[in-house]
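A.B. asks: Structure below; questions to follow.
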Amino acid sequence: MKVLVVDAGGRGNAIAHAFSRSEQVKEIYVAPGNGGSEFFEKCKIAELDGKKIPSIRAIDEIVRFAKKCEVDLAYIGPEEPLSLGLVDRLEEEGIPAVGPKKEATILEASKCWAKDFLKRIGVPIPEYANFDNPEEAKEYIREKFNNGIVVKADGLAAGKGVYVCDSVEEALRAVDEIMVQKKFGEAGNRIVVEERLRGIEVAFTAMTDGKTVKPFGHARDYKRAFDSDDIEGLRDFYIGLTKKFYTKAQIEQLYREGKLINPNTGGMGAVSPHPAVTEEVEQRIMEMVVEPIIENFDKEFKGVLYPVIMLVEENGELIPKVLEINVRDCDPGAEAKLPRLKSDMAEISMAVVEGRLDEVEMRFSSDYCVAVCAVSGALKGREGLKPGYPADHYTSQPITGIEEAMKEAIIYANGIAKTNGYVTTGGRVLTVVGMGQSIEEARSKAYSALEKISFPGMRYRRTIGLDVPE
Ligand code: AMP
Ligand code: GLY
C-alpha cells in the first residue's frame, strides 16, 4: 500500500519510519517533509508537478497529491492541518485518514472549551476559570494566587501561549501580552487562568477509532531550553536576546532569584517509556482520563489523543490531572516512542479508519529510547548576535556528520534541508534517538552519536534521560 504522512518535522519522520517497518507498505510519501524525510527505506518527499508541497497548511495541494498519487491512507501529524479540515477534505475524496475531523479538533483548538468539558465529565483538572475580560482575569489572579499560577491563551499559539508564572506581576503581564497586546492574535480573545500544579508531568498518548481506545505509548518530555545548571548557556541566550552584557555571576544571581527564566520550548528531548508510568499508572490514566473523554465527547474522534498529564500526589495516591488535550502525537515524544512500536503501523492505521481497533494488539518493545534535540543556539553572524532557539536564530548553517551519527542512533530531522550537503532550516534541527535495554544505554548511544554531528551554533541539553527536575 501507499501511505501519505503529513508533517514538516521530526515527528513526521518518526511516523514515516514506523510505516517503513511494515511489510504491507510499499511507498511512503511525506508532505511537506524535510531534508531528513528520505533517511528511511521506502520514504520519499511528496512532489506535485515536480514541486514539493509548500507547507502543512497547503491543504489543496496535499489533497491533490493524495488523489493523483492514489495513496491508500493518510496519517496527519500536526494540529494545524487537522484544524483546517484536512481529514474532512481527504475523506470527501475517498481517502481514509488517521486524525480527527475539523470539528473534533476543538479539544485542542480551544483550551477554555476543553477545560469546561473535562470538568463537566469529571476528569481531574487543576482549579481554573475562563475569561474574556482582562480586568476580571487580573482580579481572579490577585485573589487566587498561591505559590504559582498559569495563564493560557485559549486558541492555537504554536505551543507558545502558556505562561507558568511564579509571581502575581508575571501573571498580570501574561494577561496583558495575550489579551491586550494580542501577541497570539485571535487565539488570545479568551484565556484560561489555572492553579499551578506540582508533580510528575507525562506526555501520554492513546490511539482510538472512536469506539475502542488503546494506550499508544508515553514519554517524559524535557521542555526547558537549558539544563538547570547551564549558566553559560543562559548567559549566551540572554545576551543575544537583550543585547546587554552580563557576567556569569550576574546571570547566576538573576536566575537563582527567579528574575530570569529558563525558557520553555516545544521540547528539547524525551524519554520513552516514561520512568514513572507503571502499568498501574497507565491503567489509571486510561480509566480516569482517556476513556471518559472518548466516551463523552459528542463528536467522532479517530487518531491520536495526547493529554498532557500531571501526576499529583494526593492522600498517598497519584492522581492524573489533565493540563491540556492535544489531538495529535507529541513532538519530540513521538520520536522517543515510535521506534519502540512493535505492532504494524499500517495495520493499526487501517484498523483505526475501519473502526476495528479492538482487533489489534498494541505492542511496544520494553527497550528505552532517549531522544535528544540538537537546536540552533546562540550565534554571531551577519545580523549580529542572535540568542538561538526558542528565540530568534540563524538558519542555513551547514551540518556535518549526519551519516556517521546514523551508524549509532536513529536520526529524525526537525528542520534541515538537503542542498549540496545538509543545512539547518529551523530552531529544532535534529532529534537523535538512542535505544537500549536501560535508559543509561540509550542515553550513551544518543550522546555518542550527537558528538559526530556539528553545525555553527549547535546546542543540546546534556541531562536528557537523567532524573533531573524540569
Ligand atoms: P500546555 O500547553 O497546557 O501543555 O502547557 C505547556 C506546559 O506548561 C506544560 O507542558 C507544563 O509543563 C506547563 N503547565 C501547563 N499548565 C500547568 C499547570 N496547571 N501547572 C503546572 N504546569 C503547567
Ligand atoms: N512537546 C509538546 C507537544 O508536542 O505539544
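The chains in the C-alpha cells are called A, B, ... from first to last as shown; in each chain the residues are counted from 1, and the ligands are counted from 1 in the order shown.
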Counting only C-alpha atoms, what are the residues of region 201-288 of chain A within 9 Å of region 370-374 of chain A, and for each of them which pair of atoms is the nearest and at what distance in Å, to one decimal? Sort the table by chain and rising number, as JSON lines.
C.D. replies:
```
{"residue": "A:Gly267", "atom": "CA", "partner": "A:Cys373", "partner_atom": "CA", "distance": 7.8}
{"residue": "A:Met268", "atom": "CA", "partner": "A:Cys373", "partner_atom": "CA", "distance": 5.1}
{"residue": "A:Gly269", "atom": "CA", "partner": "A:Val372", "partner_atom": "CA", "distance": 4.3}
{"residue": "A:Ala270", "atom": "CA", "partner": "A:Ala371", "partner_atom": "CA", "distance": 5.1}
{"residue": "A:Val271", "atom": "CA", "partner": "A:Val370", "partner_atom": "CA", "distance": 4.6}
{"residue": "A:Ser272", "atom": "CA", "partner": "A:Val370", "partner_atom": "CA", "distance": 6.7}
```
A.B. asks: Identify, on the basis of only C-alpha atoms, every residue whose closest approach to Ala16 (chain A) does not exceed 7 Å; exclude the query and any residue fewer than 4 positions from it along the same chain; express the result as a PDB file with N, CA and C atoms, in the first residue's frame.
C.D. replies:
```pdb
ATOM      1  N   VAL A   5       2.207  10.693   4.699  1.00  0.00           N
ATOM      2  CA  VAL A   5       2.353  11.256   6.043  1.00  0.00           C
ATOM      3  C   VAL A   5       2.458  12.770   5.893  1.00  0.00           C
ATOM      4  N   GLY A  12       6.968  13.682  12.027  1.00  0.00           N
ATOM      5  CA  GLY A  12       6.548  13.103  10.746  1.00  0.00           C
ATOM      6  C   GLY A  12       7.548  12.068  10.266  1.00  0.00           C
ATOM      7  N   SER A  20       7.552   2.505   7.462  1.00  0.00           N
ATOM      8  CA  SER A  20       8.544   1.837   6.602  1.00  0.00           C
ATOM      9  C   SER A  20       8.891   0.443   7.151  1.00  0.00           C
ATOM     10  N   ILE A  28       6.085   5.346   0.950  1.00  0.00           N
ATOM     11  CA  ILE A  28       5.612   6.353   1.910  1.00  0.00           C
ATOM     12  C   ILE A  28       6.018   7.718   1.385  1.00  0.00           C
ATOM     13  N   CYS A  43      10.793   5.763   1.944  1.00  0.00           N
ATOM     14  CA  CYS A  43      10.245   7.104   2.219  1.00  0.00           C
ATOM     15  C   CYS A  43      10.719   8.123   1.186  1.00  0.00           C
TER      16      CYS A  43
END
```
A.B. asks: Excluding Val308 (chain A) and any residue of its chain fewer than 2 positions from it, enumerate the residues within 6 Å of it, using only C-alpha atoms, and give them as a list in words.
C.D. replies: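 Counting only the stated atoms, we get Ala203, Val322, Leu323 and Glu324 of chain A.
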A.B. asks: Write to file, as a CSV table (one decimal), in the first residue's frame, the residues of the selection just made, with N, CA, C and O atoms.
C.D. replies:
```csv
chain,number,residue,atom,x,y,z
A,203,ALA,N,3.8,12.9,29.1
A,203,ALA,CA,3.2,13.0,27.7
A,203,ALA,C,2.6,11.7,27.4
A,203,ALA,O,3.3,10.7,27.1
A,322,VAL,N,-5.3,16.6,34.2
A,322,VAL,CA,-5.0,17.0,32.8
A,322,VAL,C,-4.7,18.5,32.7
A,322,VAL,O,-5.5,19.3,33.1
A,323,LEU,N,-3.6,18.8,32.1
A,323,LEU,CA,-3.2,20.2,31.8
A,323,LEU,C,-3.7,20.7,30.5
A,323,LEU,O,-4.1,21.8,30.3
A,324,GLU,N,-3.7,19.8,29.5
A,324,GLU,CA,-4.3,20.1,28.2
A,324,GLU,C,-4.5,18.9,27.4
A,324,GLU,O,-3.9,17.8,27.7
```
A.B. asks: Counting only C-alpha atoms and all ligand atoms, what residues are within 10 Å of ligand 1, given as a VMD selection string?
C.D. replies: chain A and resid 108 111 125 to 128 148 to 154 156 to 165 192 to 203 221 to 224 264 to 267 306 to 310 321 to 326 470
A.B. asks: Residues within 12 Å of Arg142 (chain A), please, as a list in words. Count only C-alpha atoms; anything in the same chain fewer than 3 positions from it doesn't count.
C.D. replies: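 After dropping sequence-adjacent residues, the list is Glu135, Glu136, Ala137, Lys138, Glu139, Phe145, Asn146, Asn147, Gly148, Ile149, Ser167, Val168, Glu169, Glu170, Ala171, Leu172 and Val193 of chain A.
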A.B. asks: Could those selected residues go to a file with N, CA, C and O atoms, as an mmCIF file, in the first residue's frame?
C.D. replies:
```
data_model
loop_
_atom_site.group_PDB
_atom_site.id
_atom_site.type_symbol
_atom_site.label_atom_id
_atom_site.label_comp_id
_atom_site.auth_asym_id
_atom_site.auth_seq_id
_atom_site.Cartn_x
_atom_site.Cartn_y
_atom_site.Cartn_z
ATOM 1 N N GLU A 135 -9.563 42.582 32.822
ATOM 2 C CA GLU A 135 -9.635 43.110 34.196
ATOM 3 C C GLU A 135 -10.163 42.048 35.163
ATOM 4 O O GLU A 135 -9.668 41.896 36.283
ATOM 5 N N GLU A 136 -11.162 41.297 34.704
ATOM 6 C CA GLU A 136 -11.708 40.237 35.570
ATOM 7 C C GLU A 136 -10.666 39.146 35.801
ATOM 8 O O GLU A 136 -10.553 38.599 36.899
ATOM 9 N N ALA A 137 -9.876 38.855 34.753
ATOM 10 C CA ALA A 137 -8.822 37.842 34.891
ATOM 11 C C ALA A 137 -7.802 38.293 35.932
ATOM 12 O O ALA A 137 -7.362 37.510 36.786
ATOM 13 N N LYS A 138 -7.461 39.586 35.894
ATOM 14 C CA LYS A 138 -6.464 40.116 36.830
ATOM 15 C C LYS A 138 -6.967 40.059 38.268
ATOM 16 O O LYS A 138 -6.211 39.750 39.193
ATOM 17 N N GLU A 139 -8.265 40.362 38.432
ATOM 18 C CA GLU A 139 -8.850 40.305 39.770
ATOM 19 C C GLU A 139 -8.767 38.873 40.332
ATOM 20 O O GLU A 139 -8.392 38.660 41.482
ATOM 21 N N PHE A 145 -3.955 33.790 43.694
ATOM 22 C CA PHE A 145 -2.534 33.432 43.607
ATOM 23 C C PHE A 145 -2.062 32.747 44.884
ATOM 24 O O PHE A 145 -2.253 33.235 45.980
ATOM 25 N N ASN A 146 -1.450 31.600 44.679
ATOM 26 C CA ASN A 146 -0.933 30.868 45.821
ATOM 27 C C ASN A 146 0.174 29.963 45.292
ATOM 28 O O ASN A 146 -0.104 28.932 44.704
ATOM 29 N N ASN A 147 1.407 30.405 45.425
ATOM 30 C CA ASN A 147 2.529 29.565 45.002
ATOM 31 C C ASN A 147 2.496 29.221 43.507
ATOM 32 O O ASN A 147 2.746 28.088 43.126
ATOM 33 N N GLY A 148 2.152 30.199 42.702
ATOM 34 C CA GLY A 148 2.220 29.982 41.248
ATOM 35 C C GLY A 148 0.862 29.905 40.590
ATOM 36 O O GLY A 148 -0.114 29.448 41.204
ATOM 37 N N ILE A 149 0.804 30.381 39.345
ATOM 38 C CA ILE A 149 -0.450 30.361 38.592
ATOM 39 C C ILE A 149 -0.089 30.253 37.108
ATOM 40 O O ILE A 149 1.018 30.623 36.714
ATOM 41 N N SER A 167 4.962 34.670 40.034
ATOM 42 C CA SER A 167 4.526 35.827 40.824
ATOM 43 C C SER A 167 3.257 36.413 40.210
ATOM 44 O O SER A 167 2.948 36.181 39.032
ATOM 45 N N VAL A 168 2.546 37.218 41.031
ATOM 46 C CA VAL A 168 1.327 37.883 40.560
ATOM 47 C C VAL A 168 1.666 38.811 39.396
ATOM 48 O O VAL A 168 0.970 38.831 38.369
ATOM 49 N N GLU A 169 2.798 39.535 39.524
ATOM 50 C CA GLU A 169 3.194 40.511 38.483
ATOM 51 C C GLU A 169 3.368 39.815 37.140
ATOM 52 O O GLU A 169 2.915 40.287 36.102
ATOM 53 N N GLU A 170 4.063 38.666 37.194
ATOM 54 C CA GLU A 170 4.303 37.912 35.968
ATOM 55 C C GLU A 170 2.977 37.501 35.314
ATOM 56 O O GLU A 170 2.807 37.584 34.100
ATOM 57 N N ALA A 171 2.038 37.079 36.162
ATOM 58 C CA ALA A 171 0.748 36.611 35.649
ATOM 59 C C ALA A 171 -0.052 37.770 35.051
ATOM 60 O O ALA A 171 -0.703 37.630 34.015
ATOM 61 N N LEU A 172 0.034 38.946 35.685
ATOM 62 C CA LEU A 172 -0.691 40.114 35.169
ATOM 63 C C LEU A 172 -0.110 40.529 33.821
ATOM 64 O O LEU A 172 -0.834 40.883 32.885
ATOM 65 N N VAL A 193 -7.154 30.793 33.269
ATOM 66 C CA VAL A 193 -6.210 31.026 34.368
ATOM 67 C C VAL A 193 -6.373 29.842 35.300
ATOM 68 O O VAL A 193 -7.498 29.502 35.687
#
```
